[in-house]
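Chemist: File follows, structure-v1.tsv with TSV, C-alpha atoms and all ligand atoms:
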```
chain	number	residue	atom	x	y	z
M	1	MET	CA	0.00	0.00	0.00
M	2	ARG	CA	1.36	3.46	-0.93
M	3	GLU	CA	1.95	6.10	1.74
M	4	PRO	CA	-0.67	8.88	1.70
M	5	ILE	CA	0.43	12.36	0.59
M	6	PRO	CA	1.43	14.10	3.85
M	7	LEU	CA	-1.28	16.41	5.18
M	8	GLU	CA	-1.30	18.44	8.39
M	9	THR	CA	-4.61	19.51	9.91
M	10	GLU	CA	-3.76	21.02	13.32
M	11	ASN	CA	-3.28	24.59	12.12
M	12	GLY	CA	-5.44	24.77	9.00
M	13	LEU	CA	-5.11	22.35	6.10
M	14	TYR	CA	-1.48	22.19	5.01
M	15	LEU	CA	0.44	20.11	2.46
M	16	PRO	CA	3.97	20.27	3.94
M	17	GLU	CA	5.82	18.84	0.94
M	18	LEU	CA	4.25	21.53	-1.27
M	19	GLU	CA	4.45	24.15	1.52
M	20	LEU	CA	0.87	24.97	0.56
M	21	PHE	CA	-2.10	25.89	2.76
M	22	LEU	CA	-5.62	25.09	1.53
M	23	ASP	CA	-8.24	27.86	1.93
M	24	SER	CA	-6.54	29.33	4.99
M	25	ARG	CA	-8.17	32.45	6.45
M	26	HIS	CA	-4.84	33.55	7.91
M	27	PRO	CA	-2.21	35.10	5.65
M	28	ARG	CA	0.38	32.49	4.64
M	29	GLU	CA	3.36	32.37	2.36
M	30	ASN	CA	1.63	30.04	-0.12
M	31	GLY	CA	-2.11	29.43	-0.22
M	32	PHE	CA	-4.55	27.73	-2.56
M	33	ILE	CA	-7.84	29.67	-2.68
M	34	SER	CA	-10.64	27.50	-4.03
M	35	HIS	CA	-13.06	30.40	-4.59
M	36	ALA	CA	-13.64	34.04	-3.66
M	37	HIS	CA	-16.01	33.64	-0.67
M	38	ALA	CA	-14.71	35.40	2.45
M	39	ASP	CA	-14.47	32.24	4.57
M	40	HIS	CA	-11.97	30.76	2.10
M	41	PHE	CA	-9.86	33.88	1.59
M	42	GLY	CA	-6.55	34.86	3.17
M	43	ARG	CA	-4.14	37.55	2.02
M	44	HIS	CA	-1.30	35.15	1.16
M	45	GLU	CA	2.03	36.13	-0.40
M	46	ASN	CA	1.49	33.68	-3.26
M	47	ILE	CA	-2.04	32.66	-4.19
M	48	LEU	CA	-2.78	29.64	-6.32
M	49	CYS	CA	-6.29	29.86	-7.78
M	50	SER	CA	-8.30	29.52	-10.99
M	51	GLU	CA	-8.17	32.26	-13.60
M	52	PRO	CA	-11.75	33.53	-12.94
M	53	THR	CA	-11.15	33.46	-9.16
M	54	ALA	CA	-7.99	35.57	-9.60
M	55	HIS	CA	-10.05	38.20	-11.38
M	56	ILE	CA	-12.80	38.16	-8.73
M	57	LEU	CA	-10.23	38.34	-5.88
M	58	LYS	CA	-8.81	41.50	-7.44
M	59	ALA	CA	-12.25	43.10	-7.70
M	60	ARG	CA	-13.45	41.96	-4.26
M	61	TYR	CA	-10.36	42.24	-2.06
M	62	ASN	CA	-7.99	44.41	-4.08
M	63	VAL	CA	-5.45	41.61	-4.27
M	64	ALA	CA	-2.32	42.76	-6.12
M	65	ASP	CA	-1.48	41.05	-9.40
M	66	GLU	CA	1.98	39.97	-8.27
M	67	ARG	CA	0.50	37.82	-5.48
M	68	LEU	CA	-1.68	35.85	-7.88
M	69	ASN	CA	-0.74	32.65	-9.67
M	70	PRO	CA	-3.88	31.97	-11.73
M	71	GLN	CA	-4.11	28.57	-13.41
M	72	PRO	CA	-6.41	27.39	-16.19
M	73	PHE	CA	-8.71	24.50	-15.29
M	74	HIS	CA	-7.41	21.01	-16.17
M	75	GLU	CA	-3.86	22.16	-17.10
M	76	PRO	CA	-1.17	20.16	-15.24
M	77	LEU	CA	1.14	22.27	-13.07
M	78	GLU	CA	4.47	20.65	-12.14
M	79	VAL	CA	5.72	21.52	-8.65
M	80	GLY	CA	8.83	19.49	-7.72
M	81	PRO	CA	7.84	15.84	-7.26
M	82	TYR	CA	4.12	16.68	-7.59
M	83	ARG	CA	1.68	17.41	-10.39
M	84	LEU	CA	-1.21	19.76	-9.52
M	85	GLN	CA	-4.44	20.29	-11.42
M	86	LEU	CA	-7.38	22.61	-10.82
M	87	LEU	CA	-10.81	21.14	-11.56
M	88	PRO	CA	-14.15	23.00	-11.71
M	89	ALA	CA	-16.10	22.62	-8.43
M	90	GLY	CA	-19.48	23.97	-9.64
M	91	HIS	CA	-20.03	25.98	-6.42
M	92	ILE	CA	-19.78	29.56	-7.75
M	93	TYR	CA	-18.24	30.94	-10.91
M	94	GLY	CA	-14.52	30.08	-10.96
M	95	SER	CA	-14.61	27.76	-7.92
M	96	ALA	CA	-11.96	25.06	-8.12
M	97	MET	CA	-10.95	21.77	-6.57
M	98	LEU	CA	-7.26	20.96	-6.23
M	99	HIS	CA	-6.02	17.56	-7.43
M	100	VAL	CA	-2.49	16.56	-6.39
M	101	THR	CA	-0.52	13.59	-7.75
M	102	ARG	CA	2.85	12.41	-6.42
M	103	LYS	CA	4.65	11.55	-9.63
M	104	LYS	CA	6.89	8.73	-8.38
M	105	ASP	CA	4.06	6.42	-7.25
M	106	ARG	CA	0.88	8.16	-8.54
M	107	GLU	CA	-0.53	8.54	-5.00
M	108	SER	CA	-3.16	11.29	-5.19
M	109	LEU	CA	-5.28	13.70	-3.16
M	110	LEU	CA	-8.34	15.79	-4.00
M	111	TYR	CA	-9.35	18.86	-2.02
M	112	THR	CA	-12.88	19.90	-3.00
M	113	GLY	CA	-13.35	23.33	-1.42
M	114	ASP	CA	-17.09	24.08	-1.64
M	115	PHE	CA	-18.86	22.22	-4.43
M	116	LYS	CA	-22.16	21.13	-5.88
M	117	LEU	CA	-22.98	18.46	-8.43
M	118	HIS	CA	-25.61	19.88	-10.75
M	119	ARG	CA	-24.67	22.52	-13.24
M	120	GLY	CA	-25.95	26.02	-12.55
M	121	LEU	CA	-26.56	28.76	-15.13
M	122	THR	CA	-23.49	30.67	-13.92
M	123	THR	CA	-21.19	27.88	-12.72
M	124	GLU	CA	-18.89	25.45	-14.47
M	125	ASN	CA	-19.82	21.78	-14.62
M	126	PRO	CA	-18.03	20.07	-11.71
M	127	VAL	CA	-15.37	17.50	-12.64
M	128	PHE	CA	-14.44	14.88	-10.05
M	129	ARG	CA	-11.25	12.92	-10.54
M	130	GLN	CA	-10.23	9.73	-8.76
M	131	ALA	CA	-8.02	10.36	-5.72
M	132	ASP	CA	-6.66	8.21	-2.87
M	133	THR	CA	-7.31	10.88	-0.23
M	134	LEU	CA	-10.43	13.01	-0.46
M	135	ILE	CA	-10.78	16.17	1.65
M	136	MET	CA	-14.39	17.24	1.23
M	137	GLU	CA	-16.79	19.85	2.56
M	138	THR	CA	-19.89	18.48	4.31
M	139	THR	CA	-21.99	21.62	4.87
M	140	PHE	CA	-25.23	19.67	4.27
M	141	GLY	CA	-23.90	16.27	5.34
M	142	ALA	CA	-26.94	14.93	7.20
M	143	PRO	CA	-29.72	12.78	5.63
M	144	LYS	CA	-32.44	15.42	6.17
M	145	TRP	CA	-30.81	17.74	3.63
M	146	ILE	CA	-32.21	16.70	0.25
M	147	PHE	CA	-32.84	19.57	-2.15
M	148	PRO	CA	-35.61	19.48	-4.77
M	149	GLY	CA	-34.51	19.41	-8.43
M	150	THR	CA	-33.28	22.62	-10.06
M	151	ASN	CA	-36.39	23.02	-12.27
M	152	GLU	CA	-38.68	22.66	-9.27
M	153	ILE	CA	-36.77	25.29	-7.27
M	154	THR	CA	-36.66	27.67	-10.25
M	155	GLY	CA	-40.42	27.20	-10.69
M	156	MET	CA	-41.09	28.04	-7.04
M	157	ILE	CA	-38.98	31.21	-7.23
M	158	LEU	CA	-40.56	32.39	-10.50
M	159	ASN	CA	-44.07	31.79	-9.09
M	160	PHE	CA	-43.22	33.95	-6.10
M	161	VAL	CA	-41.78	36.70	-8.33
M	162	ASN	CA	-44.68	36.69	-10.82
M	163	GLN	CA	-47.33	36.61	-8.12
M	164	SER	CA	-45.69	39.52	-6.27
M	165	LEU	CA	-45.50	41.58	-9.48
M	166	GLU	CA	-49.13	40.80	-10.38
M	167	GLU	CA	-50.22	42.08	-6.98
M	168	GLY	CA	-48.23	45.29	-7.46
M	169	ALA	CA	-45.58	44.34	-4.88
M	170	VAL	CA	-41.80	44.30	-5.30
M	171	PRO	CA	-40.22	40.86	-5.10
M	172	ALA	CA	-36.87	41.19	-3.30
M	173	LEU	CA	-34.63	38.13	-3.67
M	174	LEU	CA	-32.04	37.92	-0.94
M	175	ALA	CA	-28.91	36.19	-2.09
M	176	TYR	CA	-25.21	36.35	-1.22
M	177	SER	CA	-23.62	38.99	-3.42
M	178	LEU	CA	-21.20	36.52	-4.98
M	179	GLY	CA	-22.59	33.29	-6.39
M	180	LYS	CA	-26.25	33.03	-5.56
M	181	ALA	CA	-26.98	36.62	-6.71
M	182	GLN	CA	-25.57	35.92	-10.19
M	183	GLU	CA	-27.47	32.65	-10.39
M	184	ILE	CA	-30.81	34.33	-9.63
M	185	GLN	CA	-29.99	37.12	-12.08
M	186	ALA	CA	-29.47	34.48	-14.77
M	187	ILE	CA	-32.70	32.67	-13.79
M	188	LEU	CA	-34.71	35.92	-14.00
M	189	ALA	CA	-33.06	36.93	-17.29
M	190	GLN	CA	-33.92	33.55	-18.79
M	191	ALA	CA	-37.56	34.05	-17.70
M	192	GLY	CA	-37.58	37.57	-19.21
M	193	ILE	CA	-38.10	39.29	-15.84
M	194	PRO	CA	-36.11	42.54	-15.47
M	195	ALA	CA	-34.19	42.90	-12.21
M	196	LEU	CA	-32.32	45.62	-10.36
M	197	SER	CA	-29.21	44.69	-8.42
M	198	HIS	CA	-28.05	46.23	-5.16
M	199	PRO	CA	-24.66	47.93	-5.77
M	200	ALA	CA	-22.83	45.23	-3.75
M	201	VAL	CA	-24.39	42.59	-5.99
M	202	ALA	CA	-23.78	44.58	-9.19
M	203	LYS	CA	-20.08	44.91	-8.32
M	204	MET	CA	-19.69	41.13	-8.06
M	205	THR	CA	-21.79	40.54	-11.19
M	206	THR	CA	-19.52	42.89	-13.12
M	207	ALA	CA	-16.43	41.09	-11.77
M	208	CYS	CA	-17.88	37.72	-12.86
M	209	ARG	CA	-18.75	39.11	-16.31
M	210	GLU	CA	-15.22	40.46	-16.73
M	211	ALA	CA	-13.88	37.06	-15.66
M	212	GLY	CA	-15.86	35.43	-18.49
M	213	CYS	CA	-19.23	34.50	-16.95
M	214	GLN	CA	-22.14	34.79	-19.39
M	215	LEU	CA	-24.49	37.27	-17.69
M	216	PRO	CA	-26.43	40.37	-18.74
M	217	ASN	CA	-25.09	43.74	-17.61
M	218	PRO	CA	-26.59	44.40	-14.14
M	219	LEU	CA	-29.08	47.27	-13.72
M	220	ILE	CA	-28.05	49.03	-10.52
M	221	PHE	CA	-30.64	49.82	-7.85
M	222	ASP	CA	-30.34	53.50	-6.86
M	223	GLY	CA	-33.34	53.73	-4.54
M	224	SER	CA	-36.10	53.93	-7.16
M	225	LEU	CA	-37.98	50.91	-8.42
M	226	PRO	CA	-39.65	50.94	-11.83
M	227	PRO	CA	-42.81	48.79	-11.94
M	228	GLY	CA	-42.40	45.21	-13.10
M	229	HIS	CA	-38.86	44.80	-11.76
M	230	ALA	CA	-37.53	42.36	-9.21
M	231	LEU	CA	-34.78	43.33	-6.79
M	232	ILE	CA	-31.65	41.28	-6.00
M	233	CYS	CA	-29.84	42.19	-2.79
M	234	PRO	CA	-27.61	40.70	-0.10
M	235	PRO	CA	-29.52	39.27	2.91
M	236	ASN	CA	-28.03	41.76	5.42
M	237	VAL	CA	-29.31	44.94	3.71
M	238	ILE	CA	-32.95	44.02	4.18
M	239	ARG	CA	-32.82	45.20	7.80
M	240	SER	CA	-31.54	48.65	6.76
M	241	GLU	CA	-33.86	51.65	7.15
M	242	GLU	CA	-33.97	52.21	3.41
M	243	PHE	CA	-35.54	48.81	2.87
M	244	GLN	CA	-37.71	48.85	5.99
M	245	ALA	CA	-39.30	52.04	4.64
M	246	MET	CA	-40.24	50.48	1.31
M	247	ALA	CA	-43.89	49.64	0.93
M	248	ASP	CA	-45.06	46.42	-0.68
M	249	LEU	CA	-41.78	44.63	-0.46
M	250	ARG	CA	-42.02	40.82	-0.57
M	251	THR	CA	-38.83	39.18	0.55
M	252	ALA	CA	-37.50	35.71	-0.19
M	253	ILE	CA	-34.22	34.17	0.96
M	254	LEU	CA	-32.40	31.86	-1.47
M	255	SER	CA	-30.44	29.33	0.56
M	256	GLY	CA	-30.08	25.62	1.15
M	257	TRP	CA	-31.09	26.38	4.75
M	258	ALA	CA	-34.56	27.24	3.41
M	259	LEU	CA	-35.45	23.58	3.95
M	260	ASP	CA	-35.42	24.26	7.70
M	261	LYS	CA	-39.04	24.80	8.69
M	262	ASN	CA	-38.09	27.86	10.75
M	263	ALA	CA	-36.17	29.50	7.89
M	264	ILE	CA	-38.62	32.34	7.25
M	265	TYR	CA	-38.51	33.33	10.94
M	266	ARG	CA	-34.77	32.90	11.18
M	267	PHE	CA	-34.14	35.09	8.16
M	268	GLY	CA	-37.10	37.43	8.84
M	269	VAL	CA	-38.53	36.99	5.32
M	270	ASP	CA	-41.84	36.22	3.61
M	271	ALA	CA	-40.59	33.15	1.76
M	272	ALA	CA	-37.56	30.85	1.55
M	273	PHE	CA	-36.39	28.76	-1.41
M	274	PRO	CA	-33.68	26.08	-1.25
M	275	LEU	CA	-31.48	27.35	-4.08
M	276	SER	CA	-28.10	26.07	-2.88
M	277	ASP	CA	-24.55	26.37	-4.15
M	278	HIS	CA	-23.55	23.35	-2.04
M	279	ALA	CA	-24.20	19.65	-2.60
M	280	ASP	CA	-27.00	18.08	-0.57
M	281	PHE	CA	-26.58	14.79	1.34
M	282	PRO	CA	-27.12	12.49	-1.67
M	283	GLY	CA	-24.83	14.78	-3.70
M	284	LEU	CA	-22.04	14.45	-1.13
M	285	LEU	CA	-22.34	10.65	-1.28
M	286	GLU	CA	-22.32	10.78	-5.08
M	287	ALA	CA	-19.11	12.84	-5.01
M	288	VAL	CA	-17.46	10.17	-2.82
M	289	ARG	CA	-18.53	7.47	-5.29
M	290	ARG	CA	-17.07	9.43	-8.21
M	291	VAL	CA	-13.73	10.09	-6.48
M	292	ASN	CA	-13.52	6.50	-5.15
M	293	PRO	CA	-10.97	7.36	-2.42
M	294	ARG	CA	-9.20	5.11	0.09
M	295	ARG	CA	-9.63	7.65	2.89
M	296	ILE	CA	-11.81	10.71	3.43
M	297	ILE	CA	-11.45	13.75	5.66
M	298	THR	CA	-14.58	15.85	6.20
M	299	ILE	CA	-14.51	19.62	6.79
M	300	HIS	CA	-17.29	22.18	7.49
M	301	GLY	CA	-20.79	21.49	8.81
M	302	TYR	CA	-21.79	17.92	9.62
M	303	THR	CA	-18.21	16.63	9.65
M	304	ARG	CA	-18.63	13.88	12.28
M	305	GLU	CA	-22.07	12.74	11.16
M	306	PHE	CA	-21.01	12.43	7.54
M	307	ALA	CA	-17.73	10.69	8.41
M	308	ALA	CA	-19.71	8.21	10.55
M	309	GLU	CA	-22.06	7.58	7.61
M	310	LEU	CA	-19.05	6.89	5.37
M	311	ARG	CA	-17.58	4.47	7.91
M	312	ARG	CA	-20.91	2.62	7.89
M	313	GLN	CA	-20.35	2.32	4.13
M	314	ASN	CA	-16.89	0.84	4.81
M	315	TYR	CA	-14.81	3.86	3.91
M	316	GLU	CA	-11.98	5.05	6.15
M	317	ALA	CA	-13.26	8.50	7.10
M	318	TRP	CA	-12.83	11.01	9.86
M	319	ALA	CA	-13.73	14.59	10.68
M	320	VAL	CA	-10.96	17.17	10.48
M	321	ASP	CA	-12.05	18.61	13.84
M	322	GLY	CA	-11.45	15.25	15.47
M	323	GLY	CA	-13.46	13.50	18.13
M	324	ASP	CA	-14.15	10.50	15.95
M	325	GLN	CA	-10.58	9.27	15.53
M	326	MET	CA	-11.02	7.01	18.57
M	327	GLU	CA	-14.21	5.62	17.12
M	328	LEU	CA	-12.23	4.80	13.99
M	329	ASP	CA	-9.49	3.08	16.01
M	330	LEU	CA	-12.02	1.03	17.96
M	331	GLN	CA	-13.48	-0.35	14.75
M	332	ARG	CA	-10.19	-1.94	13.77
N	1	ZN	ZN	-18.34	29.19	-0.77
```
In C-alpha cells, how does this file's structure come out?
Ligand SMILES: [Zn+2]

Modeler:
Amino acid sequence: MREPIPLETENGLYLPELELFLDSRHPRENGFISHAHADHFGRHENILCSEPTAHILKARYNVADERLNPQPFHEPLEVGPYRLQLLPAGHIYGSAMLHVTRKKDRESLLYTGDFKLHRGLTTENPVFRQADTLIMETTFGAPKWIFPGTNEITGMILNFVNQSLEEGAVPALLAYSLGKAQEIQAILAQAGIPALSHPAVAKMTTACREAGCQLPNPLIFDGSLPPGHALICPPNVIRSEEFQAMADLRTAILSGWALDKNAIYRFGVDAAFPLSDHADFPGLLEAVRRVNPRRIITIHGYTREFAAELRRQNYEAWAVDGGDQMELDLQR
C-alpha cells in the first residue's frame, strides 16, 4: 500500500511537501484559494487559484497582481515531485478543486473546497477525478438535507416573483452577493423578468462578467424601483432603514437552509427557497462514489455525522475537527 500524501490539519489544512495551505483564512506564504467567498480567503504572499477566481479576488479584495498565480482548469502544473491540477467545483463561478498527484508512485489527493454536483446557469460543470485521499466539505452532510430538483426550485422562485408583481408588490430576492446573486440574475433573465441589483451585488456581477461568466449587464438599484422589476440584494441589507421604509416589499431568501421549517422566521422573510450552491446529502455521497478514495477527511458542517455515515459504508473517514478518531481506532 502506498503512503498517503502528507497532510497536516492542526493549524489549518497544510500540504507540507508543497508548503501549501488550503483555503486558509490567515495570511500564509503560499495558499490555494478554491473560490472568492470570504471564509476561504486569506491575504497570502502567493495565491494559487483559478483564472476567474484571480479576477474576482482583485475586484473583491484588491489583491495585487503579483500575489496571484492563476491557473487554467485542467492544465497540469508541475511543482517538484508533484503534479497539480485545478478542476471546476461547480459551487460559484470560478470555484476550483485541487487535485495533487505524487509523480513517483501516482498517489493522489483531491481537495474539493465548496462544491455542488448539478450545473448552474453561472457555474462550471463540476469535474471529479479519482483520488486516494479526499478532503471534502460536508456543509449539508446529514440525511435530512435533500434539495428538490433545479427546475422545481426555479419554478417556485418564479411563481413567487410573478405573483408579487401581479399584486403590485416588489419581489426582493435575498442572495449572497457573490454566487447566488448571479445565479438568480441568470434565472430571472432567462424568464424575461427585469431585475435591479443592489450595488454590492452589481459589483460582483460585473467582476464575474469580466472574468468570463455569461451574464447580462446588471441594472443598478439606486433607490427607485420601476414597476415590473424584481430586486436582488444581499440578505443583510434588508434590515436597513432604506428597505424597511419600502412599501409592498415581498422578501425571499435563497439558501439551502430554506429547507429548515423555521427559515422564514430565522431570516425574517416572507418566503424561503432552497437554491443552494452546495451539494445536498445524496450529492455528497455521489461525489465520494465518483472520487472513489481510500480515505476521506470531512470539513465544514456535519463533519462527524457524515464521516460516521461513510464508515458505515466501509470507507476510512474522519472529521478534520477530530473527536471520531477514537471511534475509527475502535473499529479496527
Ligand atoms: Zn463558498

Chemist: Could the residues of chain M that have an atom at most 7 Å from ligand ZN 1 (chain N) be listed as a tab-separated table, each with its closest atom pair and the distance in Å to one decimal, counting all atoms listed in the file and ordered by chain and ascending residue number?

Modeler:
```
residue	atom	partner	partner_atom	distance
M:His35	CA	N:ZN1	ZN	6.6
M:His37	CA	N:ZN1	ZN	5.0
M:His91	CA	N:ZN1	ZN	6.7
M:Asp114	CA	N:ZN1	ZN	5.3
```

Chemist: When you look at M:Asn125 with a cut-off of 12 Å (counting all atoms listed in the file), what residues show up, excluding the ones that are within fewer than 5 positions of it in the same chain? I need them as a short mmCIF file (atom, residue, chain, number, x, y, z; two decimals) with C-alpha atoms, in the frame of the given file.

Modeler:
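The resulting file, around12.cif, is shown below:
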```
data_model
loop_
_atom_site.label_atom_id
_atom_site.label_comp_id
_atom_site.auth_asym_id
_atom_site.auth_seq_id
_atom_site.Cartn_x
_atom_site.Cartn_y
_atom_site.Cartn_z
CA PHE M 73 -8.71 24.50 -15.29
CA LEU M 87 -10.81 21.14 -11.56
CA PRO M 88 -14.15 23.00 -11.71
CA ALA M 89 -16.10 22.62 -8.43
CA GLY M 90 -19.48 23.97 -9.64
CA HIS M 91 -20.03 25.98 -6.42
CA ILE M 92 -19.78 29.56 -7.75
CA TYR M 93 -18.24 30.94 -10.91
CA GLY M 94 -14.52 30.08 -10.96
CA SER M 95 -14.61 27.76 -7.92
CA ALA M 96 -11.96 25.06 -8.12
CA MET M 97 -10.95 21.77 -6.57
CA PHE M 115 -18.86 22.22 -4.43
CA LYS M 116 -22.16 21.13 -5.88
CA LEU M 117 -22.98 18.46 -8.43
CA HIS M 118 -25.61 19.88 -10.75
CA ARG M 119 -24.67 22.52 -13.24
CA GLY M 120 -25.95 26.02 -12.55
#
```

Chemist: Given only C-alpha atoms as the basis, pick out the residue of M:Met1, M:Ala317, M:Leu158, M:Leu173 nearest to M:Asp105.

Modeler: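 Result for the nearest residue to M:Asp105: M:Met1.
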
Chemist: Where's the centre, and what are the edge lengths in Å to one decimal, of a box along x, y and z enclosing all listed atoms of stretch 274-277 of chain M padded 8 Å per side, as AutoDock Vina command-line options?

Modeler:
```
--center_x -29.1 --center_y 26.7 --center_z -2.7 --size_x 25.1 --size_y 17.3 --size_z 18.9
```

Chemist: Give me the residues near M:Phe32 as a PDB file with C-alpha atoms, keeping the file's coordinate frame, where near means some atom within 6 Å (using all atoms listed in the file) and where sequence neighbours in that chain fewer than 6 positions away do not count.

Modeler:
```pdb
ATOM      1  CA  LEU M  22      -5.620  25.090   1.530  1.00  0.00           C
ATOM      2  CA  ASP M  23      -8.240  27.860   1.930  1.00  0.00           C
ATOM      3  CA  ILE M  47      -2.040  32.660  -4.190  1.00  0.00           C
ATOM      4  CA  LEU M  48      -2.780  29.640  -6.320  1.00  0.00           C
ATOM      5  CA  CYS M  49      -6.290  29.860  -7.780  1.00  0.00           C
TER       6      CYS M  49
END
```

Chemist: Skip M:Arg250 itself and residues of its chain fewer than 4 positions away, then list as number ranges by chain all residues within 7 Å of it, counting only C-alpha atoms.

Modeler: M: 164, 169-172, 270

Chemist: Write out as a ChimeraX atom specification which residues come within 9 Å of M:Ile193 when counting only C-alpha atoms, dropping same-chain ones fewer than 3 positions away.

Modeler: /M:161-162,187-190,228-230

Chemist: Hey, what's within 12 Å of M:Gly179 if we count all atoms listed in the file and toss same-chain stuff fewer than 4 positions away? As JSON, numbers by chain, please?

Modeler: {"M": [35, 36, 37, 53, 56, 90, 91, 92, 93, 94, 95, 114, 115, 120, 121, 122, 123, 124, 174, 175, 183, 184, 185, 186, 201, 202, 204, 205, 207, 208, 213, 234, 254, 255, 275, 276, 277, 278]}

Chemist: Mind pulling up the distance from atom CA of M:Ile33 to atom CA of M:Ala59?

Modeler: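 One can read the atom CA of M:Ala59 to atom CA of M:Ile33 distance as 15.0 Å.
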
Chemist: Using all atoms listed in the file, which residue out of M:Ile232, M:Leu7, M:Val288, M:Asn159 lies closest to M:Pro194?

Modeler: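 That would be M:Ile232, the residue with the smallest distance to M:Pro194.
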
Chemist: Between M:Gln71, M:Asn292, M:Asn262, M:Ser177, which has the minimum distance to M:Leu109 (counting only C-alpha atoms)?

Modeler: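 Going through M:Gln71, M:Asn292, M:Asn262, M:Ser177 one by one, the smallest distance to M:Leu109 is for M:Asn292.
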
Chemist: Would you compute the distance between atom CA of M:Thr9 and atom CA of M:Arg28? Give it in Å to one decimal.

Modeler: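 Spanning atom CA of M:Thr9 to atom CA of M:Arg28 is a straight-line distance of 14.9 Å.
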
Chemist: Calculated over only C-alpha atoms, which of the candidates M:Leu84, M:Leu225, M:Ala38, M:Leu110 has the smallest distance to M:Arg294?

Modeler: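 Closest candidate: M:Leu110.
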
Chemist: Taking into account all atoms listed in the file, which residue in the set M:Ser108, M:Arg311, M:Phe243, M:Gln214 is nearest to M:Asp132?

Modeler: M:Ser108

Chemist: Report, in Å to a single decimal, how far apart atom CA of M:Ala191 and atom CA of M:Asn236 are.

Modeler: 26.2 Å

Chemist: Using only C-alpha atoms, find the one residue out of M:Val237, M:Ile297, M:Val320, M:Leu86 that sits nearest to M:Leu98.

Modeler: M:Leu86

Chemist: If we draw a sphere of 8 Å around (-16.1, 14.0, 6.9), which residues have at least one atom in it when counting all atoms listed in the file? Please report them as a list in words.

Modeler: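 These residues have at least one counted atom within 8 Å: Ile135, Met136, Glu137, Thr138, Ile296, Ile297, Thr298, Ile299, Tyr302, Thr303, Arg304, Glu305, Phe306, Ala307, Ala308, Leu310, Ala317, Trp318, Ala319 and Val320 of chain M.
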
Chemist: Got time to write the residues from that selection, C-alpha atoms, as a PDB file, in the frame of the given file?

Modeler:
```pdb
ATOM      1  CA  ILE M 135     -10.780  16.170   1.650  1.00  0.00           C
ATOM      2  CA  MET M 136     -14.390  17.240   1.230  1.00  0.00           C
ATOM      3  CA  GLU M 137     -16.790  19.850   2.560  1.00  0.00           C
ATOM      4  CA  THR M 138     -19.890  18.480   4.310  1.00  0.00           C
ATOM      5  CA  ILE M 296     -11.810  10.710   3.430  1.00  0.00           C
ATOM      6  CA  ILE M 297     -11.450  13.750   5.660  1.00  0.00           C
ATOM      7  CA  THR M 298     -14.580  15.850   6.200  1.00  0.00           C
ATOM      8  CA  ILE M 299     -14.510  19.620   6.790  1.00  0.00           C
ATOM      9  CA  TYR M 302     -21.790  17.920   9.620  1.00  0.00           C
ATOM     10  CA  THR M 303     -18.210  16.630   9.650  1.00  0.00           C
ATOM     11  CA  ARG M 304     -18.630  13.880  12.280  1.00  0.00           C
ATOM     12  CA  GLU M 305     -22.070  12.740  11.160  1.00  0.00           C
ATOM     13  CA  PHE M 306     -21.010  12.430   7.540  1.00  0.00           C
ATOM     14  CA  ALA M 307     -17.730  10.690   8.410  1.00  0.00           C
ATOM     15  CA  ALA M 308     -19.710   8.210  10.550  1.00  0.00           C
ATOM     16  CA  LEU M 310     -19.050   6.890   5.370  1.00  0.00           C
ATOM     17  CA  ALA M 317     -13.260   8.500   7.100  1.00  0.00           C
ATOM     18  CA  TRP M 318     -12.830  11.010   9.860  1.00  0.00           C
ATOM     19  CA  ALA M 319     -13.730  14.590  10.680  1.00  0.00           C
ATOM     20  CA  VAL M 320     -10.960  17.170  10.480  1.00  0.00           C
TER      21      VAL M 320
END
```

Chemist: Could you check which residues have any atom within 9 Å of (1.5, 28.5, 1.1), counting all atoms listed in the file with coordinates taken straight from the file, and then list them as a ChimeraX atom specification?

Modeler: /M:14-15,18-22,24,27-32,44-48
